[in-house]
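Participant: Got work.txt for you, compact mmCIF, C-alpha atoms:
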# COMPACT_ATOMS: atom_id res chain seq x y z
CA MET A 28 -26.25 -36.62 -52.48
CA ILE A 29 -28.43 -38.38 -49.90
CA ARG A 30 -27.37 -41.92 -49.00
CA THR A 31 -30.09 -44.53 -48.43
CA LEU A 32 -29.50 -47.52 -46.15
CA GLU A 33 -31.80 -50.33 -45.02
CA ALA A 34 -31.95 -51.49 -41.41
CA GLU A 35 -32.29 -55.18 -40.63
CA LEU A 36 -34.15 -56.89 -37.81
CA PHE A 37 -31.94 -57.73 -34.83
CA GLN A 38 -34.65 -58.95 -32.45
CA ALA A 39 -38.38 -59.44 -32.94
CA ALA A 40 -39.27 -58.02 -29.54
CA GLY A 41 -42.85 -56.84 -30.19
CA ALA A 42 -42.33 -53.92 -27.82
CA GLN A 43 -45.33 -51.75 -27.07
CA VAL A 44 -43.10 -48.67 -26.93
CA GLY A 45 -39.46 -49.63 -27.40
CA GLU A 46 -37.23 -46.69 -26.42
CA GLY A 47 -34.07 -45.39 -24.76
CA PRO A 48 -31.36 -47.52 -26.43
CA ALA A 49 -27.91 -47.02 -24.87
CA TRP A 50 -24.68 -48.96 -25.30
CA ASP A 51 -23.56 -50.20 -21.87
CA VAL A 52 -19.77 -50.56 -21.97
CA ARG A 53 -19.75 -52.35 -18.61
CA HIS A 54 -21.57 -55.34 -20.08
CA ASP A 55 -20.72 -54.89 -23.77
CA CYS A 56 -24.39 -54.88 -24.73
CA LEU A 57 -27.32 -52.60 -25.48
CA VAL A 58 -29.79 -51.64 -22.77
CA TRP A 59 -33.23 -50.41 -23.87
CA VAL A 60 -36.75 -50.21 -22.48
CA ASP A 61 -40.36 -50.94 -23.31
CA ILE A 62 -41.98 -47.90 -21.71
CA THR A 63 -45.57 -48.96 -21.14
CA ALA A 64 -44.70 -52.60 -20.42
CA GLY A 65 -42.31 -51.38 -17.72
CA LEU A 66 -39.50 -53.60 -18.96
CA VAL A 67 -35.74 -53.07 -19.17
CA HIS A 68 -34.03 -55.27 -21.79
CA LEU A 69 -30.37 -56.08 -22.38
CA THR A 70 -29.13 -57.69 -25.57
CA ASP A 71 -27.15 -60.18 -23.46
CA GLY A 72 -30.49 -61.88 -22.80
CA ARG A 73 -31.50 -60.31 -19.48
CA SER A 74 -34.78 -58.50 -18.88
CA TYR A 75 -36.08 -56.76 -15.76
CA ASP A 76 -39.57 -55.70 -14.72
CA ALA A 77 -39.39 -52.15 -13.33
CA GLY A 78 -42.89 -52.39 -11.85
CA THR A 79 -43.85 -49.05 -13.41
CA HIS A 80 -43.57 -47.27 -16.73
CA VAL A 81 -39.93 -46.60 -17.57
CA GLY A 82 -38.65 -44.14 -20.18
CA ALA A 83 -34.93 -44.92 -20.00
CA ALA A 84 -32.35 -47.03 -18.17
CA LEU A 85 -29.01 -45.23 -17.87
CA PRO A 86 -25.83 -47.21 -17.16
CA THR A 87 -24.05 -45.97 -14.03
CA GLU A 88 -20.45 -45.80 -12.79
CA GLY A 89 -21.39 -48.45 -10.24
CA ASP A 90 -23.69 -51.45 -10.56
CA GLY A 91 -27.17 -51.33 -12.06
CA TRP A 92 -29.01 -48.60 -13.93
CA LEU A 93 -30.60 -45.25 -13.20
CA LEU A 94 -34.25 -45.47 -14.29
CA ALA A 95 -36.42 -42.60 -15.50
CA THR A 96 -39.84 -43.83 -14.38
CA ALA A 97 -43.42 -42.63 -14.35
CA GLU A 98 -42.80 -41.10 -10.92
CA GLY A 99 -39.24 -39.78 -11.27
CA PHE A 100 -35.90 -41.54 -10.78
CA ALA A 101 -35.15 -44.97 -9.34
CA MET A 102 -32.22 -47.39 -9.16
CA LEU A 103 -32.36 -50.85 -10.72
CA ASP A 104 -29.89 -53.33 -9.27
CA GLU A 105 -28.61 -56.29 -11.27
CA ASP A 106 -30.62 -58.64 -9.05
CA GLY A 107 -33.80 -56.87 -10.22
CA THR A 108 -34.40 -54.76 -7.12
CA VAL A 109 -35.88 -51.34 -7.88
CA THR A 110 -35.29 -48.61 -5.28
CA PRO A 111 -36.95 -45.17 -5.64
CA LEU A 112 -34.42 -42.33 -5.70
CA LEU A 113 -36.53 -39.21 -6.27
CA GLU A 114 -40.25 -38.90 -6.97
CA PHE A 115 -40.98 -35.47 -8.44
CA VAL A 116 -43.38 -36.02 -11.35
CA GLU A 117 -46.89 -34.63 -10.95
CA PRO A 118 -49.90 -36.96 -11.32
CA GLY A 119 -50.93 -37.45 -14.93
CA LEU A 120 -47.37 -36.97 -16.19
CA ARG A 121 -44.44 -39.34 -16.64
CA CYS A 122 -40.75 -39.25 -17.49
CA ASN A 123 -40.01 -39.86 -21.13
CA ASP A 124 -36.52 -39.77 -22.61
CA ALA A 125 -33.39 -39.38 -20.47
CA LYS A 126 -29.63 -39.31 -21.06
CA CYS A 127 -26.36 -38.35 -19.39
CA ASP A 128 -24.28 -35.40 -20.56
CA PRO A 129 -20.54 -35.85 -21.26
CA SER A 130 -19.70 -35.22 -17.58
CA GLY A 131 -22.18 -37.83 -16.28
CA LYS A 132 -25.05 -35.54 -15.26
CA ALA A 133 -28.51 -37.04 -15.93
CA TRP A 134 -31.20 -35.12 -17.85
CA VAL A 135 -34.83 -36.13 -18.26
CA GLY A 136 -37.95 -34.77 -19.91
CA THR A 137 -41.55 -35.21 -18.80
CA MET A 138 -44.84 -35.32 -20.68
CA SER A 139 -48.54 -35.78 -20.05
CA TYR A 140 -50.10 -39.20 -20.56
CA THR A 141 -52.71 -37.42 -22.70
CA GLU A 142 -50.00 -35.39 -24.50
CA ALA A 143 -51.58 -32.21 -23.16
CA PRO A 144 -49.87 -29.22 -24.79
CA GLY A 145 -47.34 -27.47 -22.57
CA ALA A 146 -47.52 -29.92 -19.65
CA GLY A 147 -43.97 -31.24 -19.91
CA SER A 148 -40.58 -29.95 -18.78
CA LEU A 149 -36.87 -30.71 -19.08
CA TYR A 150 -34.88 -31.31 -15.89
CA ARG A 151 -31.35 -31.99 -14.68
CA LEU A 152 -30.87 -34.41 -11.78
CA ASP A 153 -28.77 -32.82 -9.03
CA PRO A 154 -27.40 -33.81 -5.60
CA GLY A 155 -29.92 -33.90 -2.82
CA PRO A 156 -31.34 -35.62 -4.77
CA SER A 157 -33.30 -32.86 -6.48
CA VAL A 158 -34.14 -31.72 -9.98
CA THR A 159 -33.51 -28.36 -11.61
CA PRO A 160 -35.96 -27.34 -14.37
CA PHE A 161 -34.56 -25.76 -17.54
CA LEU A 162 -37.35 -25.85 -20.14
CA SER A 163 -41.09 -25.77 -19.53
CA GLY A 164 -44.19 -25.66 -21.72
CA LEU A 165 -43.18 -28.82 -23.58
CA THR A 166 -45.64 -31.31 -25.00
CA ILE A 167 -43.66 -34.47 -25.90
CA SER A 168 -40.22 -33.97 -24.38
CA ASN A 169 -38.07 -36.36 -26.34
CA GLY A 170 -34.65 -37.12 -27.83
CA MET A 171 -31.48 -35.51 -26.49
CA ASP A 172 -27.73 -35.83 -26.96
CA TRP A 173 -24.55 -33.75 -27.06
CA SER A 174 -22.07 -32.71 -29.73
CA PRO A 175 -18.61 -34.34 -29.59
CA ASP A 176 -17.11 -31.23 -27.98
CA GLY A 177 -19.96 -31.02 -25.46
CA ALA A 178 -20.76 -27.43 -26.48
CA THR A 179 -24.20 -28.19 -27.95
CA MET A 180 -27.12 -30.09 -26.48
CA TRP A 181 -29.58 -31.31 -29.11
CA PHE A 182 -33.16 -31.73 -27.91
CA THR A 183 -36.61 -32.10 -29.43
CA ASP A 184 -40.16 -31.45 -28.34
CA SER A 185 -41.63 -33.84 -30.89
CA VAL A 186 -44.79 -31.93 -31.76
CA THR A 187 -42.76 -28.91 -32.91
CA ARG A 188 -41.02 -31.08 -35.55
CA VAL A 189 -37.83 -29.21 -34.73
CA VAL A 190 -34.62 -30.53 -33.16
CA THR A 191 -33.01 -27.59 -31.38
CA GLY A 192 -29.34 -27.19 -30.55
CA TYR A 193 -28.70 -25.29 -27.31
CA ALA A 194 -25.41 -23.84 -26.14
CA TYR A 195 -24.12 -26.05 -23.33
CA ALA A 196 -21.34 -25.58 -20.78
CA ALA A 197 -20.62 -26.87 -17.27
CA GLY A 198 -23.97 -28.65 -17.06
CA GLU A 199 -25.94 -25.52 -17.94
CA LEU A 200 -28.34 -25.14 -20.86
CA GLY A 201 -27.90 -21.87 -22.75
CA ALA A 202 -29.59 -20.15 -25.67
CA ALA A 203 -30.81 -21.92 -28.81
CA VAL A 204 -28.06 -21.73 -31.43
CA SER A 205 -29.14 -24.25 -34.11
CA ARG A 206 -32.29 -25.91 -35.39
CA LEU A 207 -33.06 -28.89 -37.59
CA GLU A 208 -36.51 -28.62 -39.14
CA ILE A 209 -38.19 -31.93 -39.95
CA ASP A 210 -40.58 -31.95 -42.90
CA PRO A 211 -43.95 -33.34 -41.66
CA SER A 212 -43.98 -35.81 -44.55
CA TYR A 213 -40.99 -37.59 -42.97
CA GLY A 214 -42.71 -38.26 -39.65
CA MET A 215 -42.31 -36.80 -36.16
CA PRO A 216 -38.87 -36.52 -34.51
CA ASP A 217 -38.49 -38.89 -31.58
CA GLY A 218 -35.30 -40.19 -29.95
CA LEU A 219 -31.90 -39.22 -31.33
CA CYS A 220 -28.14 -39.63 -31.02
CA VAL A 221 -25.04 -37.79 -32.23
CA ASP A 222 -22.08 -39.42 -34.01
CA VAL A 223 -18.37 -38.60 -33.80
CA ASP A 224 -18.72 -36.23 -36.75
CA GLY A 225 -21.28 -34.13 -34.86
CA CYS A 226 -24.15 -35.26 -37.08
CA VAL A 227 -27.56 -35.92 -35.55
CA TRP A 228 -29.39 -39.20 -36.19
CA VAL A 229 -33.14 -38.80 -35.56
CA GLY A 230 -35.75 -41.55 -35.30
CA LEU A 231 -38.94 -40.53 -37.09
CA TRP A 232 -42.18 -41.74 -35.53
CA GLY A 233 -44.69 -42.60 -38.25
CA GLY A 234 -42.03 -42.33 -40.93
CA GLY A 235 -40.35 -45.74 -40.78
CA ARG A 236 -36.91 -44.18 -40.97
CA VAL A 237 -33.94 -42.60 -39.26
CA HIS A 238 -32.44 -39.42 -40.71
CA ARG A 239 -28.89 -38.17 -40.32
CA TYR A 240 -28.53 -34.38 -40.36
CA THR A 241 -25.31 -32.41 -40.48
CA PRO A 242 -25.03 -29.76 -37.74
CA ASP A 243 -26.02 -27.08 -40.27
CA GLY A 244 -29.29 -28.88 -40.99
CA ARG A 245 -28.54 -30.77 -44.21
CA LEU A 246 -30.09 -34.23 -44.59
CA ASP A 247 -27.38 -36.57 -45.89
CA THR A 248 -28.48 -40.11 -44.91
CA VAL A 249 -31.82 -41.92 -44.77
CA VAL A 250 -32.11 -45.28 -43.02
CA THR A 251 -35.32 -47.10 -43.90
CA VAL A 252 -36.77 -49.30 -41.16
CA PRO A 253 -39.39 -52.06 -41.73
CA ALA A 254 -41.55 -50.64 -38.93
CA SER A 255 -43.29 -47.26 -39.15
CA GLN A 256 -43.20 -46.25 -35.47
CA VAL A 257 -39.46 -45.64 -35.12
CA THR A 258 -38.68 -44.33 -31.65
CA SER A 259 -34.93 -43.89 -31.09
CA CYS A 260 -31.41 -44.92 -32.02
CA ALA A 261 -27.96 -45.37 -30.45
CA PHE A 262 -24.48 -46.35 -31.57
CA ALA A 263 -22.31 -49.30 -30.62
CA GLY A 264 -19.16 -48.42 -32.52
CA SER A 265 -20.23 -48.25 -36.16
CA THR A 266 -23.44 -50.20 -35.56
CA LEU A 267 -26.62 -48.16 -35.17
CA TYR A 268 -29.34 -49.79 -33.06
CA ILE A 269 -32.92 -48.64 -33.70
CA THR A 270 -35.98 -49.16 -31.48
CA SER A 271 -39.62 -49.17 -32.56
CA ALA A 272 -43.17 -49.48 -31.22
CA VAL A 273 -46.44 -51.31 -31.77
CA HIS A 274 -48.35 -48.51 -30.03
CA ARG A 275 -50.94 -46.65 -32.14
CA LEU A 276 -50.51 -48.68 -35.29
CA ARG A 277 -53.47 -48.35 -37.63
CA GLU A 278 -52.54 -51.44 -39.63
CA PRO A 279 -50.71 -54.57 -38.43
CA GLU A 280 -46.95 -54.61 -39.07
CA PRO A 281 -45.15 -57.95 -38.59
CA LEU A 282 -41.90 -56.38 -37.35
CA ALA A 283 -43.32 -53.50 -35.32
CA GLY A 284 -41.81 -53.22 -31.87
CA GLY A 285 -38.63 -54.88 -33.05
CA LEU A 286 -35.02 -53.88 -32.46
CA PHE A 287 -33.11 -53.16 -35.69
CA THR A 288 -29.48 -52.56 -36.70
CA ILE A 289 -27.52 -51.05 -39.56
CA GLU A 290 -23.77 -50.82 -40.17
CA THR A 291 -22.73 -47.23 -40.88
CA SER A 292 -19.64 -45.48 -42.23
CA THR A 293 -19.22 -43.51 -39.01
CA GLN A 294 -19.24 -44.25 -35.30
CA GLY A 295 -20.87 -43.00 -32.15
CA PRO A 296 -19.76 -43.01 -28.52
CA PRO A 297 -21.24 -45.39 -25.95
CA ALA A 298 -23.57 -44.09 -23.27
CA THR A 299 -21.87 -41.83 -20.74
CA LEU A 300 -22.06 -43.50 -17.33
CA TRP A 301 -24.14 -41.70 -14.73
CA LYS A 302 -22.09 -40.50 -11.79
CA PRO A 303 -23.83 -41.19 -8.47
CA LEU A 304 -24.87 -37.99 -6.70
CA ARG A 305 -22.40 -36.50 -4.27
Have the structure of the file written as structure tokens, please.

Facilitator:
Amino acid sequence: MIRTLEAELFQAAGAQVGEGPAWDVRHDCLVWVDITAGLVHLTDGRSYDAGTHVGAALPTEGDGWLLATAEGFAMLDEDGTVTPLLEFVEPGLRCNDAKCDPSGKAWVGTMSYTEAPGAGSLYRLDPGPSVTPFLSGLTISNGMDWSPDGATMWFTDSVTRVVTGYAYAAGELGAAVSRLEIDPSYGMPDGLCVDVDGCVWVGLWGGGRVHRYTPDGRLDTVVTVPASQVTSCAFAGSTLYITSAVHRLREPEPLAGGLFTIETSTQGPPATLWKPLR
């Protein structure tokens, strides 16, 4: 039986492209971004202007956040200072979603501003700093997260409408071992997170919902969201936070671009803190 839940508005943010929610245990709040506005928001009331497009803001073991920007990686200090760390993205592309694996290694995907097929890639940030490419030929590199045991990395190239589970060990991406196929009528898979039961929660762009899939691909929960352009989701204990976007709406939606929440019967871990490169 499929459960149906309804998300409620937490903040009427009006984000152009709200994305990258992550629970920051250091400040006991959610950090999330508005990609094309170049803003980093915290639910404790702070906001920062990154000065460039920003796909994610990853909490770190120290102060501030690791930003995945249009150009590559940068550091955002709590006083608002942005310091470039590594610029590796080719002109016409930008970083999209990013997340840390269970050991604190940062991963990021790129995509073309025009969504040109095959222009994007998936990278791991390494000491140097440098990046190591793992997947190429992507179009909209998007949501990623890891199973509770760290043995599977879930990742989606949105246009394929498939969330793929890859074998994962010691920071290395292995062969595809699982796949969650998203019916086109539900929308396009965007950002995602994994709960303590190993189930995958997927935001569905154009679908106004978040789906929870068991690792074997069974849909067991539907969260309806009063905004059609759902972009991503993240847990804070049993609370699921959901981001959304105004971008590309055909008809006005009063709550589009808002941040939403729903209480669930499970829990998810907070964001893994990024370990500074050594």

Participant: Show me, as a compact mmCIF listing (two decimals) with C-alpha atoms, in the frame of the given file, the residues that have an atom within 8 Å of range 47-62 of chain A when counting all atoms listed in the file, minus same-chain residues fewer than 3 positions from it.

Facilitator:
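Contents of part36.txt, as written:
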# COMPACT_ATOMS: atom_id res chain seq x y z
CA ALA A 42 -42.33 -53.92 -27.82
CA GLN A 43 -45.33 -51.75 -27.07
CA VAL A 44 -43.10 -48.67 -26.93
CA GLY A 65 -42.31 -51.38 -17.72
CA LEU A 66 -39.50 -53.60 -18.96
CA VAL A 67 -35.74 -53.07 -19.17
CA HIS A 68 -34.03 -55.27 -21.79
CA LEU A 69 -30.37 -56.08 -22.38
CA THR A 70 -29.13 -57.69 -25.57
CA ASP A 71 -27.15 -60.18 -23.46
CA HIS A 80 -43.57 -47.27 -16.73
CA VAL A 81 -39.93 -46.60 -17.57
CA GLY A 82 -38.65 -44.14 -20.18
CA ALA A 83 -34.93 -44.92 -20.00
CA ALA A 84 -32.35 -47.03 -18.17
CA LEU A 85 -29.01 -45.23 -17.87
CA PRO A 86 -25.83 -47.21 -17.16
CA ASP A 124 -36.52 -39.77 -22.61
CA ALA A 125 -33.39 -39.38 -20.47
CA GLY A 218 -35.30 -40.19 -29.95
CA SER A 259 -34.93 -43.89 -31.09
CA CYS A 260 -31.41 -44.92 -32.02
CA ALA A 261 -27.96 -45.37 -30.45
CA PHE A 262 -24.48 -46.35 -31.57
CA ALA A 263 -22.31 -49.30 -30.62
CA TYR A 268 -29.34 -49.79 -33.06
CA ILE A 269 -32.92 -48.64 -33.70
CA THR A 270 -35.98 -49.16 -31.48
CA PRO A 297 -21.24 -45.39 -25.95
CA ALA A 298 -23.57 -44.09 -23.27

Participant: If you count only C-alpha atoms, which residues fall within 10 Å of Gly119 in chain A, apart from same-chain ones fewer than 4 positions away, as a list of chain:residue names?

Facilitator: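 Neighbouring residues, sequence-local ones excluded: A:Ala97, A:Glu98, A:Met138, A:Ser139, A:Tyr140, A:Thr141, A:Glu142, A:Ala143, A:Ala146.
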
Participant: Counting all atoms listed in the file, give me one row per residue of range 215-265 of chain A with an atom at most 10 Å from an atom of range 178-197 of chain A, showing the shortest contact pair and its distance in Å to one decimal, sorted by chain then residue number, as CSV.

Facilitator:
residue,atom,partner,partner_atom,distance
A:Met215,CA,A:Arg188,CA,5.9
A:Pro216,CA,A:Ser185,CA,5.3
A:Asp217,CA,A:Ser185,CA,6.0
A:Gly218,CA,A:Thr183,CA,8.2
A:Leu219,CA,A:Phe182,CA,8.3
A:Cys220,CA,A:Trp181,CA,8.7
A:Val221,CA,A:Trp181,CA,8.5
A:Gly225,CA,A:Thr179,CA,9.6
A:Val227,CA,A:Trp181,CA,8.2
A:Val229,CA,A:Val190,CA,8.7
A:Leu231,CA,A:Ser185,CA,9.5
A:Trp232,CA,A:Ser185,CA,9.2
A:Pro242,CA,A:Gly192,CA,8.8
A:Gly244,CA,A:Val190,CA,9.6

Participant: Write out as a ChimeraX atom specification each polymer residue whose atoms come within 12 Å of Thr110 in chain A, counting only C-alpha atoms; drop sequence neighbours fewer than 6 positions from it.

Facilitator: /A:77-79,91-96,99-104

Participant: Please save C-alpha atoms of the selected residues as a CSV table (one decimal), keeping the file's coordinate frame.

Facilitator:
chain,number,residue,atom,x,y,z
A,77,ALA,CA,-39.4,-52.2,-13.3
A,78,GLY,CA,-42.9,-52.4,-11.8
A,79,THR,CA,-43.8,-49.0,-13.4
A,91,GLY,CA,-27.2,-51.3,-12.1
A,92,TRP,CA,-29.0,-48.6,-13.9
A,93,LEU,CA,-30.6,-45.2,-13.2
A,94,LEU,CA,-34.2,-45.5,-14.3
A,95,ALA,CA,-36.4,-42.6,-15.5
A,96,THR,CA,-39.8,-43.8,-14.4
A,99,GLY,CA,-39.2,-39.8,-11.3
A,100,PHE,CA,-35.9,-41.5,-10.8
A,101,ALA,CA,-35.2,-45.0,-9.3
A,102,MET,CA,-32.2,-47.4,-9.2
A,103,LEU,CA,-32.4,-50.8,-10.7
A,104,ASP,CA,-29.9,-53.3,-9.3

Participant: Point out the residue among A:Thr31, A:Thr87, A:Ser271, A:Thr266 with the least atom-to-atom distance to Glu290 in chain A, counting all atoms listed in the file.

Facilitator: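 Counting all atoms listed in the file, the residue closest to Glu290 in chain A is A:Thr266.
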
Participant: Is there a way to get, as a list in words, all residues within 7 Å of the point (-31.2, -36.5, -16.6) in file coordinates, counting all atoms listed in the file?

Facilitator: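 Those residues lying close to the given coordinates are Ala125, Lys126, Cys127, Lys132, Ala133, Trp134, Val135, Tyr150, Arg151 and Leu152 of chain A.
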
Participant: Of the candidates A:Leu162, A:Val116, A:Leu36, A:Leu267, which one gets nearest to Ser292 in chain A if we count only C-alpha atoms?

Facilitator: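 Residue with the minimum atom-to-atom distance to Ser292 in chain A: A:Leu267.
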
Participant: Considering all atoms listed in the file, state which residue in the set A:Asp106, A:Thr137, A:Gly230, A:Arg277 is at the smallest distance from Ser74 in chain A.

Facilitator: A:Asp106
